[in-house]
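> Here it is: the structure, laid out below.
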Protein chains: 2
Amino acid sequence: MRKNPPKTLEWIGGVDGSLRLIDQTLLPLECRLIDCRSVEDVFEAIRALRVRGAPAIGVAAAYGVVIGLQSETSSGRGAFDRRLDAVCERLAASRPTAVNLFGALERMRRTAAAEPSLPPREMLARLLTEALAIEREDREMCAAIGRHGAELLKDGQGVLTHCNAGGLATAGDGTALSVIFAAAAQGKRLQVYADETRPLLQGARLTTWELIQRDVPVTLICDSMAGWVMKEGRVQSVITGADRIAANGDTANKIGTYSVSLLARAHRIPFYVAAPSSTFDLSLADGSGIPIEQRSPEEITRGLGRQTAPDRVETYNPAFDVTPAALIDAIVTERGLIQPVNSETVRAMLQPS
Amino acid sequence: MRKNPPKTLEWIGGVDGSLRLIDQTLLPLECRLIDCRSVEDVFEAIRALRVRGAPAIGVAAAYGVVIGLQSETSSGRGAFDRRLDAVCERLAASRPTAVNLFGALERMRRTAAAEPSLPPREMLARLLTEALAIEREDREMCAAIGRHGAELLKDGQGVLTHCNAGGLATAGDGTALSVIFAAAAQGKRLQVYADETRPLLQGARLTTWELIQRDVPVTLICDSMAGWVMKEGRVQSVITGADRIAANGDTANKIGTYSVSLLARAHRIPFYVAAPSSTFDLSLADGSGIPIEQRSPEEITRGLGRQTAPDRVETYNPAFDVTPAALIDAIVTERGLIQPVNSETVRAMLQPS
């Protein structure tokens, strides 16, 4: 076990500092840290999935706002606030599905709006404090999700996960993987099956890497094998993260999650989602309103180091799919378990405490 | 459309000739022909999937028997027959799941056993005639499967297929793809969705290549997207090939087929298998007796040109899974449709005509 693994993302310095993050596109072969010093650096890092995972994207975007305003402190609040709007608009365009992104940007806007007469330099410091708070709350959220979810996993179980909902997807221990880490810390022996998660292989590259670092047994499989390992009796629970959850519990997550949920149901295996309350978008009654990001054909045809399909081939590459609430046995949030999953139980858990 | 595409495999010359085949591991970037001049050449070509697909493996193995006996014609029949046994034993060890392989080898053995007093040189010529007959029958089989199956596909349908059951898997037009080609030749407009089929990407590399060559519209997706394209209403039929079919219709095919069959059932989409009668193994009452070939971890962790998982990761890599007959709406054989699929309908179709 690596004693001091680098942090998924971290603010370096004071108000004029920068955002340091692991370039996750290079994992697991190289753990390279990059420093984002401009809004475009942050935009590109999110867009290219150097930082990914709904909660981590939110934290990165909050720091991106601070970075974008560092050069805007010599004029008055008018120019500062206009620049804030432009920066938020730019960062919001980086990934369309993760609602945490919009939540973090909105929180930064509200922070500025609450103190309209604060001079730019002090306002910048206040925004950094808010971004640091978003990161700290994200860590606390991960720990709470682990605590609430650990009871779902039993000693000796095989647990299948899809994509990466680990520490690399958050500022803390992750969402789905936090549940696994917490259960393992209680002494439960788990065998994780990690879907490699085509096209970008977050499961092969990131989930296995995190689990190996934490000494949790993990077996890598191709996405096409999930049904068969269930049929063979190797899996007793499935748990994934989420990118956006509608008011009725319908859940957008990495493409392939919907298939896994159907396969789990066919084998009577419980299917769990782990996500913070910031992942819920109560403005959407159900999953039909969640925009699905379409990504480039090259992720399929050249995403793995060499061309794997003919030059002229058509592709279809949705980044996410939507799993209906009816296929989800429980949603683990930092506030507790939503179980069963429907509009009433979601509303009850999310109402202001 | 390419006018004279190279043949999947072809015998070159007379009794002292060789087996020429497309090295399918290089497709679609390169269509290189290789000549097999020894049993080890044929064994390696089958083992490394340079030639693959249950029917094509059978044809290649039959020619491999001829090649293995070319140097054994100067002694008597005793030495010739012992060499025949050794060659068959070696070739049978190349892939454990495809029953056509064992069927073709058994047919070559029977041909020799039927004429125990024929001198080696004449026996060799007789065996080449038999291998050529196996190849010719394979072509006729493909055409008949296309004729029988075309009625299952309707004008305007989206048709999903997994792996490659095309001309590259046979000496002719394929099995599942023969059905698609025959329906397209009838003027039906089809939109094929090809699962890329990890780990070895036969769908991305081979199925798209064949369909593009024949001007049939094809869209490449990752295996994890199959459920979602069904949910979106893009697919009205699923058709795959088979590597071995038990007496009750349980079907071993490329890993992932079982998942696709479950996903199709969940969306009330018919799931069809296309396979010649030589794919049935009536000695097995059901699919539980079909041996599942386990392949190397590197196919998952390094199968795509670069390493995609940590060094120490455990993997599980079954090459096949078994789809229960209850999930198969029809099996298309060269003799006609088996529909519904059960022990009685399988027996009725396969009984000697």
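By convention here, the chains of the structure tokens are called A, B, ... in the order presented, each chain's residues are numbered starting at 1, and ligands are numbered starting at 1 in the order presented.
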Identify, on the basis of only C-alpha atoms, every residue whose closest approach to range 91-96 of chain B does not exceed 7 Å; exclude the query and any residue fewer than 4 positions from it along the same chain; express the result as JSON, numbers by chain.

{"B": [43, 46, 47, 61, 87, 101, 102, 291, 293]}

> Can I get the selected residues back with all heavy atoms, as a compact mmCIF listing (two decimals), in the first residue's frame?


# COMPACT_ATOMS: atom_id res chain seq x y z
N PHE B 43 -1.96 -24.60 -36.52
CA PHE B 43 -2.26 -24.55 -35.09
C PHE B 43 -2.13 -23.12 -34.57
O PHE B 43 -3.01 -22.60 -33.90
CB PHE B 43 -1.29 -25.47 -34.33
CG PHE B 43 -1.48 -25.45 -32.83
CD1 PHE B 43 -2.34 -26.35 -32.22
CD2 PHE B 43 -0.82 -24.53 -32.03
CE1 PHE B 43 -2.52 -26.34 -30.83
CE2 PHE B 43 -1.00 -24.50 -30.65
CZ PHE B 43 -1.85 -25.41 -30.06
N ILE B 46 -4.88 -20.74 -35.75
CA ILE B 46 -6.15 -20.92 -35.04
C ILE B 46 -6.01 -20.40 -33.61
O ILE B 46 -6.86 -19.63 -33.14
CB ILE B 46 -6.57 -22.41 -35.03
CG1 ILE B 46 -6.87 -22.90 -36.46
CG2 ILE B 46 -7.80 -22.61 -34.13
CD1 ILE B 46 -7.13 -24.40 -36.56
N ARG B 47 -4.94 -20.78 -32.96
CA ARG B 47 -4.73 -20.40 -31.56
C ARG B 47 -4.68 -18.89 -31.39
O ARG B 47 -5.25 -18.32 -30.46
CB ARG B 47 -3.42 -21.02 -31.07
CG ARG B 47 -3.09 -20.75 -29.63
CD ARG B 47 -3.94 -21.57 -28.69
NE ARG B 47 -4.04 -20.96 -27.38
CZ ARG B 47 -5.04 -21.16 -26.53
NH1 ARG B 47 -6.04 -21.97 -26.87
NH2 ARG B 47 -5.07 -20.59 -25.37
N ALA B 61 -8.82 -26.49 -40.08
CA ALA B 61 -8.28 -27.70 -39.47
C ALA B 61 -8.24 -28.86 -40.47
O ALA B 61 -7.29 -29.65 -40.49
CB ALA B 61 -9.10 -28.08 -38.23
N VAL B 87 -1.56 -35.56 -35.85
CA VAL B 87 -1.94 -34.25 -36.40
C VAL B 87 -3.30 -33.83 -35.85
O VAL B 87 -3.50 -32.67 -35.43
CB VAL B 87 -1.94 -34.29 -37.94
CG1 VAL B 87 -2.63 -33.06 -38.51
CG2 VAL B 87 -0.52 -34.41 -38.47
N LEU B 101 -14.55 -27.68 -35.05
CA LEU B 101 -13.16 -28.11 -35.14
C LEU B 101 -13.07 -29.63 -34.98
O LEU B 101 -12.49 -30.33 -35.82
CB LEU B 101 -12.36 -27.40 -34.04
CG LEU B 101 -10.93 -27.85 -33.76
CD1 LEU B 101 -10.04 -27.60 -34.97
CD2 LEU B 101 -10.38 -27.10 -32.55
N PHE B 102 -13.69 -30.14 -33.93
CA PHE B 102 -13.64 -31.59 -33.68
C PHE B 102 -14.42 -32.34 -34.76
O PHE B 102 -14.01 -33.42 -35.19
CB PHE B 102 -14.19 -31.90 -32.29
CG PHE B 102 -13.62 -31.01 -31.24
CD1 PHE B 102 -14.42 -30.18 -30.47
CD2 PHE B 102 -12.24 -30.94 -31.04
CE1 PHE B 102 -13.88 -29.34 -29.52
CE2 PHE B 102 -11.69 -30.10 -30.09
CZ PHE B 102 -12.51 -29.29 -29.32
N PRO B 291 -17.30 -26.80 -22.38
CA PRO B 291 -16.09 -26.23 -21.77
C PRO B 291 -15.91 -24.79 -22.22
O PRO B 291 -16.11 -24.46 -23.38
CB PRO B 291 -14.97 -27.12 -22.31
CG PRO B 291 -15.50 -27.65 -23.60
CD PRO B 291 -16.99 -27.76 -23.45
N GLU B 293 -13.38 -21.85 -22.76
CA GLU B 293 -11.97 -21.51 -22.91
C GLU B 293 -11.63 -20.25 -22.11
O GLU B 293 -12.32 -19.25 -22.21
CB GLU B 293 -11.69 -21.27 -24.41
CG GLU B 293 -10.26 -20.85 -24.72
CD GLU B 293 -10.09 -20.54 -26.21
OE1 GLU B 293 -11.08 -20.61 -26.97
OE2 GLU B 293 -8.95 -20.22 -26.61

> Can you list every residue in range 108-353 of chain B that DSSP puts in helix (DSSP H, G or I), as an MDAnalysis selection string?

chainID B and resid 108:113 120:152 167:169 176:185 202:213 223:231 257:266 277:279 287:289 298:301 325:327 343:350

> Between A:Ser117, A:Ser343, A:Thr240, A:Thr308, which one has atoms that come closest to Pro199 in chain B, using only C-alpha atoms?

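Closest to Pro199 in chain B, using only C-alpha atoms: A:Thr308.
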
> For Ala62 in chain B, find every residue with an atom within 12 Å (counting only C-alpha atoms), except residues of its own chain fewer than 4 positions away, and show them as a PyMOL selection string.

chain B and resi 9-11+18-19+39+42-43+55-58+66-69+84+87-88+91-92+100-109+111+124+127-135

> Write a file of the selected residues as a PDB file, in the first residue's frame, keeping C-alpha atoms.


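Okay, this is what ended up in result-v5.pdb:
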ATOM      1  CA  LEU B   9      -9.229 -18.948 -46.443  1.00  0.00           C
ATOM      2  CA  GLU B  10      -8.331 -20.850 -49.602  1.00  0.00           C
ATOM      3  CA  TRP B  11      -6.384 -23.924 -50.623  1.00  0.00           C
ATOM      4  CA  SER B  18      -0.837 -24.869 -48.784  1.00  0.00           C
ATOM      5  CA  LEU B  19      -3.554 -23.008 -46.910  1.00  0.00           C
ATOM      6  CA  VAL B  39       0.662 -28.191 -38.862  1.00  0.00           C
ATOM      7  CA  VAL B  42      -2.221 -23.942 -38.840  1.00  0.00           C
ATOM      8  CA  PHE B  43      -2.259 -24.553 -35.094  1.00  0.00           C
ATOM      9  CA  PRO B  55     -17.038 -22.869 -39.248  1.00  0.00           C
ATOM     10  CA  ALA B  56     -13.798 -21.358 -40.592  1.00  0.00           C
ATOM     11  CA  ILE B  57     -11.800 -23.083 -37.845  1.00  0.00           C
ATOM     12  CA  GLY B  58     -13.271 -26.404 -38.987  1.00  0.00           C
ATOM     13  CA  VAL B  66      -3.709 -32.525 -45.351  1.00  0.00           C
ATOM     14  CA  ILE B  67      -0.661 -30.322 -44.744  1.00  0.00           C
ATOM     15  CA  GLY B  68       0.442 -32.498 -41.845  1.00  0.00           C
ATOM     16  CA  LEU B  69       0.419 -35.642 -43.985  1.00  0.00           C
ATOM     17  CA  LEU B  84      -2.905 -38.628 -38.940  1.00  0.00           C
ATOM     18  CA  VAL B  87      -1.940 -34.247 -36.396  1.00  0.00           C
ATOM     19  CA  CYS B  88      -5.600 -34.428 -35.372  1.00  0.00           C
ATOM     20  CA  LEU B  91      -5.061 -29.428 -34.046  1.00  0.00           C
ATOM     21  CA  ALA B  92      -7.859 -30.392 -31.633  1.00  0.00           C
ATOM     22  CA  ASN B 100     -16.896 -27.647 -35.667  1.00  0.00           C
ATOM     23  CA  LEU B 101     -13.162 -28.113 -35.139  1.00  0.00           C
ATOM     24  CA  PHE B 102     -13.643 -31.588 -33.683  1.00  0.00           C
ATOM     25  CA  GLY B 103     -16.298 -32.386 -36.278  1.00  0.00           C
ATOM     26  CA  ALA B 104     -13.995 -31.562 -39.178  1.00  0.00           C
ATOM     27  CA  LEU B 105     -11.117 -33.561 -37.696  1.00  0.00           C
ATOM     28  CA  GLU B 106     -13.403 -36.528 -37.055  1.00  0.00           C
ATOM     29  CA  ARG B 107     -14.609 -36.392 -40.646  1.00  0.00           C
ATOM     30  CA  MET B 108     -11.013 -36.477 -41.913  1.00  0.00           C
ATOM     31  CA  ARG B 109     -10.277 -39.478 -39.664  1.00  0.00           C
ATOM     32  CA  THR B 111     -12.373 -40.641 -44.517  1.00  0.00           C
ATOM     33  CA  LEU B 124      -3.635 -37.860 -49.208  1.00  0.00           C
ATOM     34  CA  LEU B 127      -8.247 -36.326 -47.842  1.00  0.00           C
ATOM     35  CA  LEU B 128      -7.715 -33.121 -49.836  1.00  0.00           C
ATOM     36  CA  THR B 129     -10.916 -33.876 -51.744  1.00  0.00           C
ATOM     37  CA  GLU B 130     -12.678 -34.239 -48.400  1.00  0.00           C
ATOM     38  CA  ALA B 131     -11.282 -30.952 -47.073  1.00  0.00           C
ATOM     39  CA  LEU B 132     -12.348 -29.179 -50.262  1.00  0.00           C
ATOM     40  CA  ALA B 133     -15.813 -30.708 -49.792  1.00  0.00           C
ATOM     41  CA  ILE B 134     -15.954 -29.394 -46.214  1.00  0.00           C
ATOM     42  CA  GLU B 135     -15.129 -25.924 -47.527  1.00  0.00           C
TER      43      GLU B 135
END

> Taking 5 positions as the minimum chain separation for residues in the same chain, which residues sit within 12 Å of range 29-37 of chain A when counting only C-alpha atoms? Answer as a PyMOL selection string.

(chain A and resi 5-13+15-24+42-46+50-51+60-61+63-71+168+204-206+209-210) or (chain B and resi 301+306-312)

> Residues as selected, N, CA and C atoms, written as a compact mmCIF listing (two decimals), in the first residue's frame, can you do that?


# COMPACT_ATOMS: atom_id res chain seq x y z
N PRO A 5 -0.22 8.65 -1.17
CA PRO A 5 -0.59 8.83 -2.58
C PRO A 5 -0.88 10.30 -2.85
N PRO A 6 -0.58 10.76 -4.04
CA PRO A 6 -0.88 12.16 -4.36
C PRO A 6 -2.39 12.38 -4.31
N LYS A 7 -2.77 13.62 -4.05
CA LYS A 7 -4.20 13.94 -3.99
C LYS A 7 -4.77 14.09 -5.39
N THR A 8 -6.02 13.68 -5.55
CA THR A 8 -6.71 13.82 -6.83
C THR A 8 -6.64 15.26 -7.31
N LEU A 9 -6.89 16.20 -6.40
CA LEU A 9 -6.74 17.62 -6.73
C LEU A 9 -6.50 18.39 -5.44
N GLU A 10 -5.84 19.54 -5.55
CA GLU A 10 -5.34 20.23 -4.36
C GLU A 10 -5.02 21.68 -4.75
N TRP A 11 -5.40 22.60 -3.88
CA TRP A 11 -5.06 24.01 -4.12
C TRP A 11 -3.67 24.27 -3.55
N ILE A 12 -2.81 24.88 -4.37
CA ILE A 12 -1.44 25.16 -3.97
C ILE A 12 -1.29 26.67 -3.80
N GLY A 13 -0.92 27.12 -2.59
CA GLY A 13 -0.66 28.54 -2.37
C GLY A 13 -1.87 29.27 -1.84
N VAL A 15 -4.28 33.16 -2.37
CA VAL A 15 -5.26 33.63 -3.36
C VAL A 15 -4.67 33.67 -4.76
N ASP A 16 -3.37 33.78 -4.87
CA ASP A 16 -2.76 33.77 -6.20
C ASP A 16 -2.20 32.40 -6.56
N GLY A 17 -2.69 31.39 -5.88
CA GLY A 17 -2.19 30.04 -6.10
C GLY A 17 -2.77 29.38 -7.35
N SER A 18 -2.60 28.06 -7.41
CA SER A 18 -3.06 27.31 -8.59
C SER A 18 -3.62 25.96 -8.16
N LEU A 19 -4.28 25.31 -9.12
CA LEU A 19 -4.91 24.01 -8.86
C LEU A 19 -4.00 22.91 -9.37
N ARG A 20 -3.56 22.05 -8.48
CA ARG A 20 -2.73 20.91 -8.87
C ARG A 20 -3.61 19.67 -8.90
N LEU A 21 -3.52 18.92 -9.98
CA LEU A 21 -4.33 17.69 -10.05
C LEU A 21 -3.59 16.58 -10.77
N ILE A 22 -4.00 15.34 -10.48
CA ILE A 22 -3.46 14.18 -11.18
C ILE A 22 -4.03 14.15 -12.59
N ASP A 23 -3.18 14.04 -13.60
CA ASP A 23 -3.67 13.87 -14.97
C ASP A 23 -4.14 12.42 -15.12
N GLN A 24 -5.44 12.19 -14.92
CA GLN A 24 -5.96 10.82 -14.86
C GLN A 24 -5.92 10.12 -16.21
N VAL A 42 -8.16 24.79 -16.67
CA VAL A 42 -9.17 24.04 -15.92
C VAL A 42 -10.23 23.48 -16.87
N PHE A 43 -10.68 24.31 -17.82
CA PHE A 43 -11.67 23.86 -18.80
C PHE A 43 -11.15 22.64 -19.55
N GLU A 44 -9.92 22.73 -20.02
CA GLU A 44 -9.35 21.63 -20.80
C GLU A 44 -9.18 20.38 -19.95
N ALA A 45 -8.79 20.57 -18.70
CA ALA A 45 -8.60 19.41 -17.81
C ALA A 45 -9.92 18.68 -17.57
N ILE A 46 -11.01 19.43 -17.43
CA ILE A 46 -12.32 18.80 -17.24
C ILE A 46 -12.79 18.16 -18.55
N ARG A 50 -8.98 14.84 -17.67
CA ARG A 50 -7.79 14.74 -16.79
C ARG A 50 -8.26 14.73 -15.34
N VAL A 51 -9.32 15.50 -15.07
CA VAL A 51 -10.03 15.38 -13.80
C VAL A 51 -11.46 15.00 -14.16
N ALA A 60 -13.07 21.17 -8.82
CA ALA A 60 -12.13 21.77 -9.78
C ALA A 60 -12.71 23.05 -10.37
N ALA A 61 -14.01 23.03 -10.68
CA ALA A 61 -14.63 24.22 -11.27
C ALA A 61 -14.63 25.38 -10.28
N TYR A 63 -12.41 26.01 -7.94
CA TYR A 63 -11.06 26.58 -7.98
C TYR A 63 -10.82 27.31 -9.30
N GLY A 64 -11.41 26.81 -10.38
CA GLY A 64 -11.27 27.47 -11.68
C GLY A 64 -11.82 28.89 -11.64
N VAL A 65 -12.89 29.10 -10.88
CA VAL A 65 -13.45 30.44 -10.73
C VAL A 65 -12.43 31.37 -10.06
N VAL A 66 -11.81 30.86 -8.99
CA VAL A 66 -10.79 31.67 -8.29
C VAL A 66 -9.66 32.03 -9.26
N ILE A 67 -9.18 31.03 -9.99
CA ILE A 67 -8.08 31.26 -10.93
C ILE A 67 -8.46 32.30 -11.98
N GLY A 68 -9.70 32.23 -12.44
CA GLY A 68 -10.15 33.13 -13.49
C GLY A 68 -10.27 34.58 -13.02
N LEU A 69 -10.33 34.78 -11.71
CA LEU A 69 -10.52 36.14 -11.19
C LEU A 69 -9.23 36.74 -10.64
N GLN A 70 -8.17 35.96 -10.62
CA GLN A 70 -6.91 36.45 -10.03
C GLN A 70 -6.39 37.70 -10.75
N SER A 71 -6.63 37.80 -12.03
CA SER A 71 -6.11 38.93 -12.81
C SER A 71 -7.12 40.08 -12.90
N LEU A 168 -10.49 9.14 -6.93
CA LEU A 168 -10.11 9.92 -8.10
C LEU A 168 -11.29 10.70 -8.68
N ALA A 204 -10.66 0.00 -15.74
CA ALA A 204 -9.36 -0.68 -15.89
C ALA A 204 -8.23 0.20 -15.37
N ARG A 205 -8.29 1.48 -15.70
CA ARG A 205 -7.17 2.36 -15.41
C ARG A 205 -7.20 2.90 -13.98
N LEU A 206 -8.40 3.25 -13.49
CA LEU A 206 -8.49 4.02 -12.25
C LEU A 206 -9.01 3.19 -11.07
N TRP A 209 -6.57 0.59 -9.97
CA TRP A 209 -5.40 1.27 -9.39
C TRP A 209 -5.69 1.68 -7.95
N GLU A 210 -6.86 2.26 -7.73
CA GLU A 210 -7.20 2.69 -6.36
C GLU A 210 -7.35 1.50 -5.42
N THR B 301 -5.54 -6.58 -20.59
CA THR B 301 -4.70 -5.50 -20.08
C THR B 301 -3.80 -4.87 -21.13
N ARG B 306 -1.69 -0.73 -26.19
CA ARG B 306 -0.93 -0.19 -25.06
C ARG B 306 -1.52 -0.74 -23.77
N GLN B 307 -0.75 -0.68 -22.72
CA GLN B 307 -1.20 -1.21 -21.44
C GLN B 307 -2.31 -0.33 -20.89
N THR B 308 -3.40 -0.96 -20.46
CA THR B 308 -4.56 -0.19 -20.02
C THR B 308 -4.95 -0.49 -18.58
N ALA B 309 -4.12 -1.21 -17.84
CA ALA B 309 -4.45 -1.54 -16.44
C ALA B 309 -3.14 -1.67 -15.67
N PRO B 310 -3.21 -1.57 -14.34
CA PRO B 310 -1.98 -1.66 -13.55
C PRO B 310 -1.28 -3.00 -13.73
N ASP B 311 0.01 -3.01 -13.47
CA ASP B 311 0.82 -4.21 -13.67
C ASP B 311 0.30 -5.42 -12.89
N ARG B 312 -0.11 -5.19 -11.66
CA ARG B 312 -0.39 -6.33 -10.80
C ARG B 312 -1.84 -6.79 -10.83

> Please identify every residue of chain A that has at least one atom no farther than 9 Å from an atom of chain B, counting only C-alpha atoms, and for each give the shortest atom pair and the distance in Å to one decimal, arranged by chain then increasing number, as a tab-separated table.


residue	atom	partner	partner_atom	distance
A:Leu27	CA	B:Ala309	CA	8.3
A:Pro28	CA	B:Pro310	CA	5.5
A:Leu29	CA	B:Pro310	CA	6.9
A:Tyr193	CA	B:Thr315	CA	9.0
A:Glu196	CA	B:Ile300	CA	8.7
A:Thr197	CA	B:Ser224	CA	7.4
A:Arg198	CA	B:Cys222	CA	6.4
A:Pro199	CA	B:Cys222	CA	6.7
A:Leu201	CA	B:Thr308	CA	7.4
A:Gly203	CA	B:Ala309	CA	8.7
A:Ala204	CA	B:Ala309	CA	5.0
A:Arg205	CA	B:Ala309	CA	4.9
A:Leu206	CA	B:Ala309	CA	8.0
A:Thr208	CA	B:Val313	CA	6.9
A:Trp209	CA	B:Pro310	CA	6.1
A:Ile212	CA	B:Val313	CA	7.6
A:Pro217	CA	B:Glu314	CA	8.5
A:Val218	CA	B:Glu314	CA	6.6
A:Thr219	CA	B:Glu314	CA	4.8
A:Leu220	CA	B:Thr315	CA	4.6
A:Ile221	CA	B:Tyr316	CA	5.7
A:Cys222	CA	B:Arg198	CA	6.4
A:Asp223	CA	B:Ser224	CA	5.9
A:Ser224	CA	B:Gly256	CA	4.2
A:Met225	CA	B:Gly256	CA	5.6
A:Ala226	CA	B:Ser259	CA	7.5
A:Gly227	CA	B:Ser259	CA	4.9
A:Trp228	CA	B:Asp321	CA	6.5
A:Ile255	CA	B:Met225	CA	6.3
A:Gly256	CA	B:Ser224	CA	4.2
A:Thr257	CA	B:Ser224	CA	7.9
A:Tyr258	CA	B:Trp228	CA	6.8
A:Ser259	CA	B:Gly227	CA	5.0
A:Val260	CA	B:Ser224	CA	8.4
A:Leu262	CA	B:Leu263	CA	7.0
A:Leu263	CA	B:Leu262	CA	7.0
A:Ala266	CA	B:Leu262	CA	7.6
A:Ile300	CA	B:Cys222	CA	7.1
A:Thr301	CA	B:Ala204	CA	7.9
A:Leu304	CA	B:Leu304	CA	5.8
A:Gly305	CA	B:Gly305	CA	5.5
A:Arg306	CA	B:Gly305	CA	5.7
A:Gln307	CA	B:Leu29	CA	7.7
A:Thr308	CA	B:Arg205	CA	5.9
A:Ala309	CA	B:Arg205	CA	4.9
A:Pro310	CA	B:Pro28	CA	5.5
A:Asp311	CA	B:Leu29	CA	8.5
A:Arg312	CA	B:Ile212	CA	8.1
A:Val313	CA	B:Thr219	CA	6.9
A:Glu314	CA	B:Thr219	CA	4.8
A:Thr315	CA	B:Leu220	CA	4.6
A:Tyr316	CA	B:Ile221	CA	5.8
A:Asn317	CA	B:Ile221	CA	6.8
A:Pro318	CA	B:Met225	CA	8.0
A:Asp321	CA	B:Trp228	CA	6.5
A:Val322	CA	B:Trp228	CA	8.3

> When DSSP works through the backbone of this structure, what residues of range 165-272 of chain B end up as strand (DSSP E), shown as an MDAnalysis selection string?

chainID B and resid 191:195 218:221 237:240 244:246 251:254 271:272
